[in-house]
file protein-v3.cif (mmCIF, C-alpha atoms and all ligand atoms)
data_input
#
loop_
_atom_site.label_atom_id
_atom_site.label_comp_id
_atom_site.auth_asym_id
_atom_site.auth_seq_id
_atom_site.Cartn_x
_atom_site.Cartn_y
_atom_site.Cartn_z
CA MET A 1 -175.81 108.69 -126.71
CA ALA A 2 -176.84 111.80 -128.62
CA ARG A 3 -173.99 113.75 -130.19
CA ARG A 4 -173.41 117.02 -128.39
CA LYS A 5 -173.99 120.24 -130.23
CA LYS A 6 -171.07 122.30 -131.50
CA VAL A 7 -171.73 125.97 -130.77
CA TYR A 8 -168.62 127.54 -132.29
CA GLU A 9 -165.30 126.50 -133.79
CA GLY A 10 -162.33 128.87 -133.71
CA LYS A 11 -158.71 128.48 -134.75
CA ALA A 12 -157.51 126.79 -131.56
CA LYS A 13 -160.66 125.78 -129.70
CA ILE A 14 -164.16 124.38 -130.14
CA LEU A 15 -167.15 125.25 -127.95
CA TYR A 16 -169.87 122.67 -127.31
CA GLU A 17 -173.16 123.01 -125.50
CA GLY A 18 -172.65 122.37 -121.79
CA PRO A 19 -174.54 120.07 -119.43
CA GLU A 20 -176.45 122.93 -117.74
CA PRO A 21 -177.97 126.10 -119.17
CA GLY A 22 -175.41 128.88 -119.07
CA THR A 23 -172.46 126.50 -119.43
CA LEU A 24 -170.30 125.42 -122.36
CA VAL A 25 -167.57 122.85 -122.88
CA GLN A 26 -164.36 124.35 -124.25
CA TYR A 27 -162.19 121.89 -126.23
CA PHE A 28 -158.52 122.75 -126.90
CA LYS A 29 -157.26 121.66 -130.33
CA ASP A 30 -153.63 121.04 -131.29
CA ASP A 31 -153.89 123.54 -134.14
CA ALA A 32 -151.62 126.56 -134.16
CA THR A 33 -152.11 129.54 -136.43
CA ALA A 34 -150.33 132.84 -136.84
CA PHE A 35 -150.68 135.99 -138.95
CA ASN A 36 -154.44 135.63 -139.18
CA ALA A 37 -154.18 131.95 -140.02
CA GLU A 38 -151.79 132.47 -142.98
CA LYS A 39 -149.43 130.14 -141.15
CA ARG A 40 -150.83 126.89 -139.74
CA ALA A 41 -149.57 123.72 -138.11
CA THR A 42 -150.69 120.96 -135.83
CA ILE A 43 -148.54 120.81 -132.71
CA GLU A 44 -149.09 117.48 -130.98
CA GLY A 45 -149.87 118.02 -127.32
CA LYS A 46 -150.48 121.80 -127.49
CA GLY A 47 -154.19 121.51 -126.69
CA VAL A 48 -153.51 119.38 -123.64
CA LEU A 49 -150.91 121.85 -122.37
CA ASN A 50 -153.09 124.91 -122.95
CA ASN A 51 -156.08 123.27 -121.27
CA ARG A 52 -153.98 122.65 -118.15
CA LEU A 53 -152.26 126.03 -118.21
CA SER A 54 -155.47 127.98 -118.76
CA GLU A 55 -157.05 126.03 -115.89
CA PHE A 56 -154.09 126.94 -113.69
CA PHE A 57 -154.21 130.69 -114.45
CA MET A 58 -158.00 131.00 -114.35
CA THR A 59 -158.24 129.07 -111.08
CA GLY A 60 -155.67 131.39 -109.52
CA LEU A 61 -157.55 134.44 -110.78
CA ASN A 62 -160.85 133.13 -109.41
CA THR A 63 -159.13 132.55 -106.07
CA ILE A 64 -157.92 136.14 -105.77
CA GLY A 65 -161.33 137.48 -106.76
CA VAL A 66 -160.82 138.21 -110.44
CA PRO A 67 -163.90 136.60 -112.01
CA THR A 68 -163.37 134.24 -114.94
CA HIS A 69 -165.50 131.89 -117.02
CA PHE A 70 -163.62 128.82 -115.74
CA ILE A 71 -165.67 126.28 -113.74
CA LYS A 72 -163.66 123.04 -113.86
CA ARG A 73 -161.47 120.91 -116.07
CA ILE A 74 -163.31 117.88 -117.44
CA ASN A 75 -160.50 115.91 -119.07
CA MET A 76 -157.17 116.34 -120.90
CA ARG A 77 -158.60 118.61 -123.58
CA GLU A 78 -161.86 119.98 -122.20
CA GLN A 79 -163.04 122.34 -119.54
CA LEU A 80 -166.45 123.42 -118.32
CA ILE A 81 -166.95 127.18 -118.59
CA ARG A 82 -169.69 129.74 -118.09
CA ALA A 83 -171.30 130.88 -121.30
CA VAL A 84 -170.66 134.58 -121.85
CA GLU A 85 -171.45 137.21 -124.44
CA ILE A 86 -167.95 137.92 -125.77
CA ILE A 87 -167.12 141.61 -126.17
CA PRO A 88 -165.66 141.87 -129.70
CA LEU A 89 -162.37 143.35 -128.48
CA GLU A 90 -158.99 141.78 -127.71
CA VAL A 91 -157.51 143.44 -124.64
CA VAL A 92 -153.71 143.50 -124.89
CA VAL A 93 -151.60 144.48 -121.89
CA ARG A 94 -147.91 145.22 -122.47
CA ASN A 95 -145.05 145.57 -119.99
CA VAL A 96 -142.17 145.43 -122.46
CA ALA A 97 -142.13 146.49 -126.12
CA ALA A 98 -142.40 143.50 -128.47
CA GLY A 99 -144.36 142.38 -131.50
CA SER A 100 -146.72 144.84 -133.10
CA ILE A 101 -146.04 147.81 -130.80
CA ALA A 102 -142.32 147.52 -131.44
CA LYS A 103 -142.94 147.50 -135.18
CA ARG A 104 -145.66 150.17 -135.23
CA LEU A 105 -143.83 152.71 -133.08
CA GLY A 106 -140.25 151.81 -133.94
CA ILE A 107 -139.31 150.74 -130.41
CA GLU A 108 -136.61 148.12 -130.03
CA GLU A 109 -138.00 144.77 -128.83
CA GLY A 110 -137.17 144.28 -125.17
CA THR A 111 -137.45 147.95 -124.19
CA PRO A 112 -139.31 148.16 -120.88
CA LEU A 113 -142.40 150.39 -121.10
CA PRO A 114 -142.76 153.24 -118.60
CA ARG A 115 -146.03 151.73 -117.38
CA PRO A 116 -148.31 148.92 -118.49
CA ILE A 117 -149.96 149.91 -121.77
CA ILE A 118 -153.42 148.63 -122.61
CA GLU A 119 -154.62 148.39 -126.19
CA PHE A 120 -157.87 147.25 -127.76
CA TYR A 121 -158.09 145.36 -131.03
CA PHE A 122 -161.40 144.88 -132.85
CA LYS A 123 -162.05 141.14 -133.25
CA ASP A 124 -162.64 140.78 -136.97
CA ASP A 125 -160.62 138.22 -138.91
CA ALA A 126 -161.55 139.73 -142.28
CA LEU A 127 -159.96 143.01 -141.15
CA GLY A 128 -157.02 141.32 -139.42
CA ASP A 129 -158.09 142.43 -135.89
CA PRO A 130 -157.17 146.14 -136.23
CA LEU A 131 -155.99 148.28 -133.31
CA VAL A 132 -158.83 150.63 -132.32
CA ALA A 133 -159.13 153.68 -130.09
CA GLU A 134 -161.69 154.15 -127.32
CA GLU A 135 -163.39 156.66 -129.65
CA HIS A 136 -164.11 153.87 -132.15
CA ILE A 137 -165.31 151.50 -129.45
CA LEU A 138 -167.74 154.04 -128.00
CA ALA A 139 -168.90 155.47 -131.32
CA PHE A 140 -169.64 152.05 -132.82
CA GLY A 141 -171.15 150.71 -129.60
CA TRP A 142 -168.82 147.71 -129.18
CA ALA A 143 -168.60 148.52 -125.45
CA THR A 144 -169.68 151.29 -123.09
CA GLN A 145 -167.44 153.62 -121.09
CA GLN A 146 -168.21 151.54 -118.00
CA ASP A 147 -167.20 148.35 -119.87
CA LEU A 148 -163.94 150.02 -120.92
CA ASP A 149 -163.16 151.05 -117.35
CA ASP A 150 -163.92 147.51 -116.16
CA MET A 151 -161.82 145.96 -118.94
CA VAL A 152 -158.83 148.16 -118.04
CA SER A 153 -159.21 147.24 -114.39
CA LEU A 154 -159.48 143.50 -115.19
CA GLY A 155 -156.49 143.74 -117.54
CA LEU A 156 -154.32 145.39 -114.88
CA ARG A 157 -155.33 142.89 -112.20
CA VAL A 158 -154.59 139.95 -114.51
CA ASN A 159 -151.27 141.61 -115.37
CA ASP A 160 -150.23 141.95 -111.73
CA PHE A 161 -151.27 138.39 -110.92
CA LEU A 162 -149.58 136.78 -113.93
CA SER A 163 -146.44 138.97 -113.71
CA GLY A 164 -145.88 137.84 -110.12
CA LEU A 165 -146.60 134.22 -110.89
CA PHE A 166 -144.15 134.15 -113.81
CA LEU A 167 -141.49 136.16 -111.99
CA GLY A 168 -141.47 133.43 -109.33
CA VAL A 169 -140.40 130.87 -111.95
CA GLY A 170 -137.86 133.04 -113.77
CA ILE A 171 -140.09 134.20 -116.60
CA LYS A 172 -140.83 137.77 -117.69
CA LEU A 173 -144.41 138.47 -118.76
CA VAL A 174 -143.76 140.73 -121.75
CA ASP A 175 -147.37 141.09 -122.87
CA PHE A 176 -150.60 139.14 -123.16
CA LYS A 177 -154.08 139.21 -124.65
CA ILE A 178 -157.33 138.48 -122.85
CA GLU A 179 -160.93 138.40 -123.94
CA ILE A 180 -163.76 139.59 -121.78
CA GLY A 181 -167.35 138.41 -121.65
CA ARG A 182 -170.61 139.64 -120.21
CA ILE A 183 -172.71 137.53 -117.88
CA TRP A 184 -176.14 138.32 -116.56
CA ASP A 185 -177.42 137.59 -113.07
CA GLY A 186 -181.05 138.64 -113.53
CA ASP A 187 -180.96 142.33 -114.39
CA TYR A 188 -177.40 142.67 -113.17
CA MET A 189 -174.58 142.49 -115.72
CA ARG A 190 -170.88 142.07 -115.05
CA LEU A 191 -167.71 141.43 -117.02
CA ILE A 192 -165.52 138.38 -116.52
CA VAL A 193 -162.32 137.04 -118.06
CA ALA A 194 -163.15 134.50 -120.78
CA ASP A 195 -161.51 132.53 -123.65
CA GLU A 196 -158.09 131.26 -122.53
CA ILE A 197 -154.86 132.34 -120.90
CA SER A 198 -151.95 130.29 -122.23
CA PRO A 199 -148.59 130.69 -123.97
CA ASP A 200 -150.64 131.09 -127.18
CA SER A 201 -151.85 134.45 -125.87
CA CYS A 202 -148.83 135.70 -123.88
CA ARG A 203 -145.22 136.62 -124.59
CA LEU A 204 -143.00 134.89 -122.06
CA TRP A 205 -139.23 135.37 -121.94
CA ASP A 206 -136.79 133.55 -119.69
CA ILE A 207 -135.42 136.21 -117.34
CA GLU A 208 -131.82 134.93 -117.50
CA THR A 209 -131.40 133.96 -121.13
CA GLY A 210 -134.21 135.83 -122.90
CA GLN A 211 -135.33 132.53 -124.46
CA LYS A 212 -138.85 132.76 -125.86
CA LEU A 213 -141.33 130.34 -124.27
CA ASP A 214 -144.52 131.34 -126.11
CA LYS A 215 -146.19 131.24 -129.52
CA ASP A 216 -143.44 133.43 -131.04
CA VAL A 217 -141.47 130.14 -131.20
CA PHE A 218 -144.00 129.09 -133.85
CA ARG A 219 -144.57 132.52 -135.43
CA ARG A 220 -140.81 133.05 -135.89
CA ASP A 221 -139.68 129.42 -136.41
CA LEU A 222 -137.49 129.38 -133.32
CA GLY A 223 -137.82 125.71 -132.38
CA ASP A 224 -140.28 123.22 -130.93
CA LEU A 225 -143.42 124.91 -129.62
CA ALA A 226 -144.54 121.98 -127.45
CA ASP A 227 -141.11 121.90 -125.79
CA ALA A 228 -141.43 125.61 -124.91
CA TYR A 229 -144.96 125.21 -123.48
CA THR A 230 -143.90 122.09 -121.59
CA GLU A 231 -141.09 124.10 -119.98
CA VAL A 232 -143.58 126.78 -118.86
CA ALA A 233 -145.87 124.11 -117.41
CA ARG A 234 -142.97 122.32 -115.71
CA ARG A 235 -141.74 125.50 -114.04
CA LEU A 236 -145.22 126.32 -112.79
CA GLY A 237 -145.58 122.79 -111.44
CA VAL A 238 -148.59 122.26 -113.65
CA MET A 239 -147.29 119.10 -115.30
CA PRO A 240 -145.02 117.18 -113.01
CA GLN A 241 -143.83 114.59 -115.51
CA ARG A 242 -143.10 114.19 -119.16
CA GLU A 243 -142.44 111.07 -121.17
CA PRO A 244 -138.83 110.76 -122.29
CA GLY A 245 -138.00 110.30 -125.96
CA PRO A 246 -139.54 111.73 -129.10
CA THR A 247 -143.15 111.54 -127.99
CA LYS A 248 -144.81 114.78 -127.07
CA PRO A 249 -146.03 115.72 -123.58
CA THR A 250 -147.92 113.15 -121.60
CA LEU A 251 -149.99 114.23 -118.66
CA ILE A 252 -149.96 112.54 -115.33
CA ASN A 253 -153.11 113.34 -113.41
P1 LIG B 301 -148.95 141.73 -130.87
O1 LIG B 301 -147.64 142.29 -130.38
O2 LIG B 301 -148.81 140.86 -132.09
O3 LIG B 301 -150.00 142.79 -131.00
O4 LIG B 301 -149.47 140.73 -129.71
C1 LIG B 301 -149.66 141.17 -128.40
C2 LIG B 301 -150.03 140.01 -127.51
O5 LIG B 301 -151.28 139.48 -127.88
C3 LIG B 301 -149.05 138.83 -127.58
O6 LIG B 301 -148.88 138.34 -126.27
C4 LIG B 301 -149.73 137.81 -128.41
C5 LIG B 301 -151.18 138.10 -128.20
N1 LIG B 301 -151.97 137.87 -129.41
C6 LIG B 301 -153.01 136.97 -129.37
O7 LIG B 301 -153.24 136.32 -128.36
N2 LIG B 301 -153.75 136.80 -130.51
C7 LIG B 301 -153.52 137.48 -131.65
O8 LIG B 301 -154.24 137.30 -132.64
C8 LIG B 301 -152.44 138.42 -131.68
C9 LIG B 301 -152.14 139.21 -132.92
C10 LIG B 301 -151.71 138.58 -130.53
#

call {"tool": "encode", "arguments": {"input": "protein-v3.cif", "output": "structure tokens"}}
result
Amino acid sequence: MARRKKVYEGKAKILYEGPEPGTLVQYFKDDATAFNAEKRATIEGKGVLNNRLSEFFMTGLNTIGVPTHFIKRINMREQLIRAVEIIPLEVVVRNVAAGSIAKRLGIEEGTPLPRPIIEFYFKDDALGDPLVAEEHILAFGWATQQDLDDMVSLGLRVNDFLSGLFLGVGIKLVDFKIEIGRIWDGDYMRLIVADEISPDSCRLWDIETGQKLDKDVFRRDLGDLADAYTEVARRLGVMPQREPGPTKPTLIN
């Protein structure tokens, strides 16, 4: 069988050519990075967990009419997605001050924000993904005003959906990052949610204890990352069983 063509390799995922035009296969690696890849590790089982969790969130979004790139999961580490033109902006939605906004503006972590705050970061590893204003985005042509309006609207809808979902299992959605892509239907263009939604790209705190259940466990050396992600998956009913003992998560289909 001919080897399939790798289209792109990022820090946590690989994209391969898909079986049909306009599709790609997204492979989830076990690699974890933080601080623009200054800190790296391989976390056994992380790719499997994120594949399942991203499937779960994207499927739910598709069901409520928020369009995403997700088509179907293929196996433990791969999913079939629609190929998109990624807009070079990370869309961050925040409900509670944490991470960079806490540091930048001197707000204590855990302070609820008066309303969801949406920020855009320019996707450029060499620059460390800097925070940018709408002025920069429009002036440099990274997106149009219509794109920005659509990205804000998608961000808020994803926020409402995920906040409710997590609240139901005792988790506070502190903030998250999504990426948005363009797809073309003939002459008609629209924006859809792309990339992944997983504990790599969210901040998730247990409502009772405040325990962190997201990638901050790795960024801040707070414990076992796969254990935290497994707990998120278990609560959401995404992975019904886990092997006992020292081995990392095992999926039961
Ligand atoms: P920040 O507080 O570090 O700006 O992160 C905000 C949210 O975005 C948080 O949920 C983690 C997520 N995030 C990513 O998914 N990728 C990144 O490269 C960074 C810096 C943050």

call {"tool": "residues_near_ligand", "arguments": {"input": "protein-v3.cif", "ligand": "ligand LIG 301 (chain B)", "cutoff": "10 Å", "atoms": "all atoms listed in the file", "output": "PyMOL selection string"}}
result
chain A and resi 33-37+90-94+97-104+119-121+123+125+128-131+173-179+196-204+214-216+219

call {"tool": "closest_residue", "arguments": {"input": "protein-v3.cif", "among": "A:Pro67, A:Gly10, A:Pro88, A:Pro21", "to": "Ile137 of chain A", "atoms": "all atoms listed in the file"}}
result
A:Pro88

call {"tool": "atom_distance", "arguments": {"input": "protein-v3.cif", "atom1": "atom CA of Asp30 of chain A", "atom2": "atom CA of Leu53 of chain A"}}
result
14.1 Å

call {"tool": "residues_around", "arguments": {"input": "protein-v3.cif", "residues": "segment 71-81 of chain A", "least_positions_apart": "6", "cutoff": "8 Å", "atoms": "all atoms listed in the file", "output": "VMD selection string"}}
result
chain A and resid 18 23 to 29 47 to 48 51 to 52 55 251

call {"tool": "atom_distance", "arguments": {"input": "protein-v3.cif", "atom1": "atom CA of Leu49 of chain A", "atom2": "atom CA of Leu225 of chain A"}}
result
10.9 Å

call {"tool": "closest_residue", "arguments": {"input": "protein-v3.cif", "among": "A:Asn95, A:Leu138, A:Ala228, A:Arg234", "to": "Leu162 of chain A", "atoms": "all atoms listed in the file"}}
result
A:Asn95

call {"tool": "atom_distance", "arguments": {"input": "protein-v3.cif", "atom1": "atom CA of Glu85 of chain A", "atom2": "atom CA of Met151 of chain A"}}
result
14.1 Å

call {"tool": "residues_around", "arguments": {"input": "protein-v3.cif", "residues": "segment 182-195 of chain A", "least_positions_apart": "2", "cutoff": "10 Å", "atoms": "all atoms listed in the file", "output": "JSON, numbers by chain"}}
result
{"A": [13, 22, 26, 54, 58, 61, 62, 66, 67, 68, 69, 70, 81, 82, 83, 84, 85, 86, 87, 147, 150, 151, 154, 155, 158, 178, 179, 180, 197, 198]}

call {"tool": "closest_residue", "arguments": {"input": "protein-v3.cif", "among": "A:Thr59, A:Asn50, A:Thr209, A:Gln145", "to": "Tyr229 of chain A", "atoms": "only C-alpha atoms"}}
result
A:Asn50

call {"tool": "closest_residue", "arguments": {"input": "protein-v3.cif", "among": "A:Leu148, A:Arg157, A:Pro19, A:Phe140", "to": "Ile64 of chain A", "atoms": "all atoms listed in the file"}}
result
A:Arg157

call {"tool": "axis_aligned_box", "arguments": {"input": "protein-v3.cif", "around": "segment 56-64 of chain A", "padding_each_side": "8 Å", "output": "lines of an AutoDock Vina configuration file"}}
result
center_x = -157.5
center_y = 131.5
center_z = -110.1
size_x = 22.8
size_y = 25.2
size_z = 24.7

call {"tool": "closest_atom_pairs", "arguments": {"input": "protein-v3.cif", "of": "segment 97-207 of chain A", "to": "segment 235-238 of chain A", "cutoff": "9 Å", "atoms": "all atoms listed in the file", "output": "Markdown table"}}
result
| residue | atom | partner | partner_atom | distance |
| --- | --- | --- | --- | --- |
| A:Leu165 | CA | A:Leu236 | CA | 8.2 |
| A:Phe166 | CA | A:Leu236 | CA | 8.0 |
| A:Gly168 | CA | A:Leu236 | CA | 8.8 |
| A:Val169 | CA | A:Arg235 | CA | 5.9 |
| A:Gly170 | CA | A:Arg235 | CA | 8.5 |

call {"tool": "build_atoms", "arguments": {"input": "protein-v3.cif", "residues": "segment 137-148 of chain A", "atoms": "all heavy atoms", "output": "CSV table (one decimal), in the frame of the given file"}}
result
chain,number,residue,atom,x,y,z
A,137,ILE,N,-164.5,152.5,-130.3
A,137,ILE,CA,-165.3,151.5,-129.4
A,137,ILE,C,-166.6,152.1,-129.0
A,137,ILE,O,-167.7,151.5,-129.1
A,137,ILE,CB,-164.5,151.0,-128.2
A,137,ILE,CG1,-163.2,150.3,-128.7
A,137,ILE,CG2,-165.3,150.2,-127.3
A,137,ILE,CD1,-162.2,150.0,-127.7
A,138,LEU,N,-166.5,153.4,-128.5
A,138,LEU,CA,-167.7,154.0,-128.0
A,138,LEU,C,-168.7,154.4,-129.2
A,138,LEU,O,-169.9,154.2,-129.1
A,138,LEU,CB,-167.3,155.3,-127.2
A,138,LEU,CG,-166.5,154.9,-125.9
A,138,LEU,CD1,-166.0,156.2,-125.2
A,138,LEU,CD2,-167.4,154.1,-124.9
A,139,ALA,N,-168.1,155.0,-130.2
A,139,ALA,CA,-168.9,155.5,-131.3
A,139,ALA,C,-169.6,154.3,-132.0
A,139,ALA,O,-170.8,154.5,-132.4
A,139,ALA,CB,-168.0,156.2,-132.3
A,140,PHE,N,-169.0,153.2,-132.1
A,140,PHE,CA,-169.6,152.0,-132.8
A,140,PHE,C,-170.4,151.1,-131.9
A,140,PHE,O,-170.9,150.1,-132.3
A,140,PHE,CB,-168.6,151.3,-133.7
A,140,PHE,CG,-168.0,152.1,-134.8
A,140,PHE,CD1,-166.7,152.4,-134.8
A,140,PHE,CD2,-168.8,152.8,-135.7
A,140,PHE,CE1,-166.1,153.2,-135.8
A,140,PHE,CE2,-168.3,153.6,-136.7
A,140,PHE,CZ,-166.9,153.8,-136.8
A,141,GLY,N,-170.3,151.4,-130.6
A,141,GLY,CA,-171.2,150.7,-129.6
A,141,GLY,C,-170.7,149.3,-129.3
A,141,GLY,O,-171.4,148.5,-128.8
A,142,TRP,N,-169.3,149.0,-129.5
A,142,TRP,CA,-168.8,147.7,-129.2
A,142,TRP,C,-168.7,147.5,-127.7
A,142,TRP,O,-168.8,146.4,-127.2
A,142,TRP,CB,-167.4,147.5,-129.8
A,142,TRP,CG,-167.4,147.6,-131.3
A,142,TRP,CD1,-168.4,147.1,-132.1
A,142,TRP,CD2,-166.4,148.2,-132.1
A,142,TRP,NE1,-168.1,147.4,-133.4
A,142,TRP,CE2,-166.9,148.0,-133.5
A,142,TRP,CE3,-165.2,148.8,-131.9
A,142,TRP,CZ2,-166.1,148.5,-134.5
A,142,TRP,CZ3,-164.5,149.3,-133.0
A,142,TRP,CH2,-164.9,149.1,-134.3
A,143,ALA,N,-168.6,148.6,-126.9
A,143,ALA,CA,-168.6,148.5,-125.4
A,143,ALA,C,-168.9,149.9,-124.9
A,143,ALA,O,-168.8,150.9,-125.7
A,143,ALA,CB,-167.2,148.1,-124.9
A,144,THR,N,-169.4,150.0,-123.7
A,144,THR,CA,-169.7,151.3,-123.1
A,144,THR,C,-168.4,151.8,-122.3
A,144,THR,O,-167.5,151.1,-122.1
A,144,THR,CB,-170.8,151.2,-122.1
A,144,THR,OG1,-170.4,150.3,-121.0
A,144,THR,CG2,-172.1,150.5,-122.7
A,145,GLN,N,-168.5,153.1,-121.9
A,145,GLN,CA,-167.4,153.6,-121.1
A,145,GLN,C,-167.2,152.8,-119.8
A,145,GLN,O,-166.1,152.5,-119.4
A,145,GLN,CB,-167.7,155.1,-120.7
A,145,GLN,CG,-166.6,155.8,-120.0
A,145,GLN,CD,-165.3,155.9,-120.9
A,145,GLN,OE1,-165.3,156.4,-122.0
A,145,GLN,NE2,-164.2,155.3,-120.4
A,146,GLN,N,-168.3,152.4,-119.2
A,146,GLN,CA,-168.2,151.5,-118.0
A,146,GLN,C,-167.5,150.2,-118.3
A,146,GLN,O,-166.6,149.8,-117.6
A,146,GLN,CB,-169.6,151.3,-117.4
A,146,GLN,CG,-169.6,150.4,-116.1
A,146,GLN,CD,-168.9,151.2,-115.0
A,146,GLN,OE1,-169.3,152.3,-114.6
A,146,GLN,NE2,-167.9,150.5,-114.4
A,147,ASP,N,-167.9,149.6,-119.4
A,147,ASP,CA,-167.2,148.4,-119.9
A,147,ASP,C,-165.7,148.6,-120.0
A,147,ASP,O,-164.9,147.8,-119.6
A,147,ASP,CB,-167.7,147.9,-121.2
A,147,ASP,CG,-169.2,147.4,-121.2
A,147,ASP,OD1,-169.7,147.0,-120.2
A,147,ASP,OD2,-169.8,147.5,-122.3
A,148,LEU,N,-165.4,149.7,-120.7
A,148,LEU,CA,-163.9,150.0,-120.9
A,148,LEU,C,-163.2,150.2,-119.6
A,148,LEU,O,-162.1,149.6,-119.4
A,148,LEU,CB,-163.8,151.3,-121.7
A,148,LEU,CG,-164.1,151.2,-123.2
A,148,LEU,CD1,-164.1,152.5,-123.9
A,148,LEU,CD2,-163.1,150.3,-123.9
